[in-house]
Amino acid sequence: MSIKIKAELRETVGKNAARRLRRQDKLPAILYGSKTKNLPLILSKQDIFSILKSERGENTIFKVEFDSQKKDVMIKDYQLDVTTDELLHIDLIEIAMSEAIEVTVQILLTGVAVGVKAEGGFVDFMHREIQVRCLPKDIPDQIKVDISQLHLNQSIKVEDLQPPENVEFITDPKTVIAHIMLPEEEKIEKVEEVEEEIIPEGEEPEVIGEKKEEPEEETKKKESKEKGQEEE
């Protein structure tokens with residue numbers, strides 16, 4: 001079912017005017033379009049919150065009605081207060097339903113990887129979104145990626161995916177979406193593992209730099225030789 005929201009043309013712009021609107025639970029907005037000049041509008045905050053929280057979120061196409069006009073639009077951008085998360089401003093873009101557009105779609109991983117279930121690894125979810133090109137009516141809610149066949153140290157890339165019908169992926173095909181890895185601690189242990197030297201029982205390791213003790217017979221010969229030199 002097509003979503004329709006009411007809007008008003010905004011005659012007064014500026015920070016003070018925007019604050020007054022927000023106090024009335026209204027939202028300042030601008031509508032952009034290639035065939036339409038930029039139009040300042042007034043929207044309902046609640047209407048925009050409902051769209052942002054819907055399944056498609058920012059990719060939702062809806063009709064905005066104002067001053068006897070109806071336009072198909074999407075949310076292009078929005079501004080939030082960094083401390084309160086209050087919606088401050090929104091940009092809309094006019095959509096031609098017969099022309100392909102580029103949008104960002106979320107990726108949903110499905111299945112449990114073999115490398116996680118049986119090999120002690122974990123999933124490194126590296127890219128959670130993908131850029132697509134399609135007609136507005138064909139925008140997917142999400143792209144599902146099955147990782148159940150991935151083993152340890154294996155990954156899945158954009159080039160491994162089958163795009164939905166009438167949808168083209170425009171993200172770099174070599175982009176890695178998910179990779180099955182060992183936990184960092186286990187990797188470090190394997191790299192630093194060193195074999196200990198085996199010393200036969202009863203022997204002590206030689207200490208480098210320590211003078212070896214001379215056998216008793218050699219010591220006696222040395223002492224006799226030194227004594228003879230003294231008598232001469």
# chains A, B, ... in the order shown; residues from 1 in each chain; ligands from 1

$ select_by_dssp --residues "segment 122-163 of chain A" --states "strand (DSSP E)" --output "VMD selection string"
chain A and resid 122 to 125 129 to 134 143 to 146 155 to 157

$ write_last_selection --atoms "N, CA and C atoms" --output "compact mmCIF listing (two decimals), in the first residue's frame"
# COMPACT_ATOMS: atom_id res chain seq x y z
N PHE A 122 34.60 -17.58 14.51
CA PHE A 122 33.51 -16.63 14.68
C PHE A 122 33.34 -15.84 13.37
N VAL A 123 32.20 -15.19 13.22
CA VAL A 123 31.89 -14.45 12.00
C VAL A 123 32.34 -13.00 12.14
N ASP A 124 33.22 -12.57 11.25
CA ASP A 124 33.59 -11.16 11.17
C ASP A 124 32.73 -10.55 10.06
N PHE A 125 31.68 -9.82 10.47
CA PHE A 125 30.72 -9.22 9.54
C PHE A 125 31.31 -7.89 9.07
N GLU A 129 26.22 -3.37 4.39
CA GLU A 129 25.36 -2.73 3.38
C GLU A 129 25.94 -2.96 1.99
N ILE A 130 25.09 -2.84 0.99
CA ILE A 130 25.52 -3.00 -0.39
C ILE A 130 24.80 -1.97 -1.26
N GLN A 131 25.51 -1.42 -2.22
CA GLN A 131 24.92 -0.45 -3.14
C GLN A 131 24.29 -1.19 -4.31
N VAL A 132 23.04 -0.81 -4.65
CA VAL A 132 22.35 -1.44 -5.77
C VAL A 132 21.77 -0.37 -6.70
N ARG A 133 21.51 -0.79 -7.93
CA ARG A 133 20.83 0.07 -8.90
C ARG A 133 19.61 -0.67 -9.44
N CYS A 134 18.45 -0.01 -9.41
CA CYS A 134 17.22 -0.64 -9.89
C CYS A 134 16.12 0.42 -10.00
N ILE A 143 19.24 -7.69 1.51
CA ILE A 143 19.90 -8.73 0.73
C ILE A 143 20.30 -9.85 1.70
N LYS A 144 19.76 -11.03 1.50
CA LYS A 144 20.07 -12.17 2.38
C LYS A 144 21.30 -12.91 1.86
N VAL A 145 22.23 -13.18 2.77
CA VAL A 145 23.48 -13.86 2.42
C VAL A 145 23.63 -15.10 3.30
N ASP A 146 23.63 -16.27 2.66
CA ASP A 146 23.75 -17.54 3.38
C ASP A 146 25.22 -17.86 3.62
N SER A 155 35.73 -16.83 3.21
CA SER A 155 34.94 -15.60 3.21
C SER A 155 33.96 -15.62 2.06
N ILE A 156 33.01 -14.71 2.10
CA ILE A 156 32.06 -14.55 1.01
C ILE A 156 32.11 -13.10 0.54
N LYS A 157 32.17 -12.90 -0.77
CA LYS A 157 32.31 -11.57 -1.36
C LYS A 157 31.07 -11.21 -2.16

$ closest_atom_pairs --of "segment 86-198 of chain A" --to "segment 17-31 of chain A" --cutoff "8 Å" --atoms "only C-alpha atoms" --output "CSV"
residue,atom,partner,partner_atom,distance
A:Leu87,CA,A:Leu27,CA,7.6
A:Leu88,CA,A:Leu27,CA,6.7
A:His89,CA,A:Pro28,CA,5.4
A:Ile90,CA,A:Ala29,CA,4.8
A:Asp91,CA,A:Ile30,CA,5.0
A:Leu92,CA,A:Leu31,CA,4.7
A:Ile93,CA,A:Leu31,CA,5.7
A:Glu94,CA,A:Leu31,CA,7.0

$ write_last_selection --atoms "N, CA and C atoms" --output "PDB file, in the first residue's frame"
ATOM      1  N   LEU A  87      14.754  14.697  15.974  1.00  0.00           N
ATOM      2  CA  LEU A  87      14.808  14.939  14.537  1.00  0.00           C
ATOM      3  C   LEU A  87      14.729  16.442  14.293  1.00  0.00           C
ATOM      4  N   LEU A  88      15.739  17.005  13.634  1.00  0.00           N
ATOM      5  CA  LEU A  88      15.827  18.455  13.455  1.00  0.00           C
ATOM      6  C   LEU A  88      15.453  18.922  12.063  1.00  0.00           C
ATOM      7  N   HIS A  89      15.829  18.153  11.057  1.00  0.00           N
ATOM      8  CA  HIS A  89      15.612  18.594   9.674  1.00  0.00           C
ATOM      9  C   HIS A  89      15.672  17.376   8.764  1.00  0.00           C
ATOM     10  N   ILE A  90      14.983  17.456   7.643  1.00  0.00           N
ATOM     11  CA  ILE A  90      14.993  16.328   6.705  1.00  0.00           C
ATOM     12  C   ILE A  90      15.041  16.822   5.265  1.00  0.00           C
ATOM     13  N   ASP A  91      15.778  16.084   4.432  1.00  0.00           N
ATOM     14  CA  ASP A  91      15.846  16.360   2.999  1.00  0.00           C
ATOM     15  C   ASP A  91      15.131  15.243   2.258  1.00  0.00           C
ATOM     16  N   LEU A  92      14.253  15.622   1.335  1.00  0.00           N
ATOM     17  CA  LEU A  92      13.553  14.666   0.488  1.00  0.00           C
ATOM     18  C   LEU A  92      14.051  14.820  -0.941  1.00  0.00           C
ATOM     19  N   ILE A  93      13.996  13.731  -1.707  1.00  0.00           N
ATOM     20  CA  ILE A  93      14.372  13.796  -3.111  1.00  0.00           C
ATOM     21  C   ILE A  93      13.233  13.218  -3.950  1.00  0.00           C
ATOM     22  N   GLU A  94      12.881  13.935  -4.998  1.00  0.00           N
ATOM     23  CA  GLU A  94      11.798  13.480  -5.876  1.00  0.00           C
ATOM     24  C   GLU A  94      12.277  12.292  -6.709  1.00  0.00           C
TER      25      GLU A  94
END

$ closest_residue --among "A:Ser34, A:Ile101, A:Val73, A:Ala113" --to "Ile51 of chain A" --atoms "only C-alpha atoms"
A:Val73

$ residues_around --residues "Phe66 of chain A" --least-positions-apart "3" --cutoff "12 Å" --atoms "only C-alpha atoms" --output "ChimeraX atom specification"
/A:4-10,31,39-43,63,69-72

$ write_last_selection --atoms "N, CA and C atoms" --output "mmCIF file, in the first residue's frame"
data_model
loop_
_atom_site.group_PDB
_atom_site.id
_atom_site.type_symbol
_atom_site.label_atom_id
_atom_site.label_comp_id
_atom_site.auth_asym_id
_atom_site.auth_seq_id
_atom_site.Cartn_x
_atom_site.Cartn_y
_atom_site.Cartn_z
ATOM 1 N N LYS A 4 1.110 7.908 2.015
ATOM 2 C CA LYS A 4 0.897 9.309 1.658
ATOM 3 C C LYS A 4 0.984 10.151 2.920
ATOM 4 N N ILE A 5 1.699 11.259 2.822
ATOM 5 C CA ILE A 5 1.759 12.177 3.968
ATOM 6 C C ILE A 5 1.455 13.602 3.490
ATOM 7 N N LYS A 6 0.893 14.365 4.385
ATOM 8 C CA LYS A 6 0.546 15.759 4.077
ATOM 9 C C LYS A 6 1.722 16.667 4.400
ATOM 10 N N ALA A 7 1.858 17.723 3.629
ATOM 11 C CA ALA A 7 2.914 18.713 3.862
ATOM 12 C C ALA A 7 2.363 20.103 3.599
ATOM 13 N N GLU A 8 3.118 21.096 4.049
ATOM 14 C CA GLU A 8 2.774 22.491 3.777
ATOM 15 C C GLU A 8 4.004 23.187 3.216
ATOM 16 N N LEU A 9 3.767 24.154 2.362
ATOM 17 C CA LEU A 9 4.877 24.977 1.889
ATOM 18 C C LEU A 9 5.348 25.855 3.034
ATOM 19 N N ARG A 10 6.647 25.959 3.207
ATOM 20 C CA ARG A 10 7.224 26.734 4.307
ATOM 21 C C ARG A 10 7.599 28.113 3.771
ATOM 22 N N LEU A 31 12.547 19.754 -0.282
ATOM 23 C CA LEU A 31 12.348 18.779 -1.341
ATOM 24 C C LEU A 31 13.233 19.153 -2.520
ATOM 25 N N LEU A 39 12.194 23.066 -2.775
ATOM 26 C CA LEU A 39 11.016 23.593 -2.097
ATOM 27 C C LEU A 39 11.127 23.387 -0.595
ATOM 28 N N PRO A 40 11.027 24.454 0.215
ATOM 29 C CA PRO A 40 10.988 24.294 1.670
ATOM 30 C C PRO A 40 9.588 23.852 2.099
ATOM 31 N N LEU A 41 9.536 22.771 2.911
ATOM 32 C CA LEU A 41 8.251 22.221 3.326
ATOM 33 C C LEU A 41 8.178 22.095 4.841
ATOM 34 N N ILE A 42 6.966 21.860 5.320
ATOM 35 C CA ILE A 42 6.717 21.530 6.724
ATOM 36 C C ILE A 42 6.063 20.160 6.758
ATOM 37 N N LEU A 43 6.646 19.250 7.539
ATOM 38 C CA LEU A 43 6.123 17.892 7.653
ATOM 39 C C LEU A 43 5.786 17.582 9.108
ATOM 40 N N LYS A 63 4.399 9.167 -1.065
ATOM 41 C CA LYS A 63 3.889 10.365 -1.731
ATOM 42 C C LYS A 63 3.772 11.487 -0.718
ATOM 43 N N GLN A 69 -0.382 19.501 -5.075
ATOM 44 C CA GLN A 69 0.610 18.692 -5.787
ATOM 45 C C GLN A 69 0.844 17.362 -5.062
ATOM 46 N N LYS A 70 1.210 16.341 -5.856
ATOM 47 C CA LYS A 70 1.574 15.035 -5.301
ATOM 48 C C LYS A 70 2.881 14.597 -5.953
ATOM 49 N N LYS A 71 3.858 14.237 -5.118
ATOM 50 C CA LYS A 71 5.155 13.834 -5.655
ATOM 51 C C LYS A 71 5.633 12.551 -4.965
ATOM 52 N N ASP A 72 6.229 11.656 -5.781
ATOM 53 C CA ASP A 72 6.867 10.463 -5.228
ATOM 54 C C ASP A 72 8.255 10.850 -4.736
#

$ closest_residue --among "A:Leu52, A:Ile139, A:Leu182, A:Met97" --to "Phe169 of chain A" --atoms "only C-alpha atoms"
A:Ile139

$ closest_residue --among "A:Ile180, A:Ala96, A:Leu135, A:Val64" --to "Leu150 of chain A" --atoms "only C-alpha atoms"
A:Ile180

$ residues_around --residues "Asp172 of chain A" --least-positions-apart "2" --cutoff "9 Å" --atoms "only C-alpha atoms" --output "ChimeraX atom specification"
/A:158-159,169-170,174-175

$ write_last_selection --atoms "C-alpha atoms" --output "PDB file, in the first residue's frame"
ATOM      1  CA  VAL A 158      29.880  -9.496  -3.382  1.00  0.00           C
ATOM      2  CA  GLU A 159      30.893 -11.405  -6.523  1.00  0.00           C
ATOM      3  CA  PHE A 169      24.959  -4.713  -7.549  1.00  0.00           C
ATOM      4  CA  ILE A 170      27.289  -1.724  -7.968  1.00  0.00           C
ATOM      5  CA  LYS A 174      35.816  -8.006  -4.487  1.00  0.00           C
ATOM      6  CA  THR A 175      34.307  -6.474  -1.339  1.00  0.00           C
TER       7      THR A 175
END
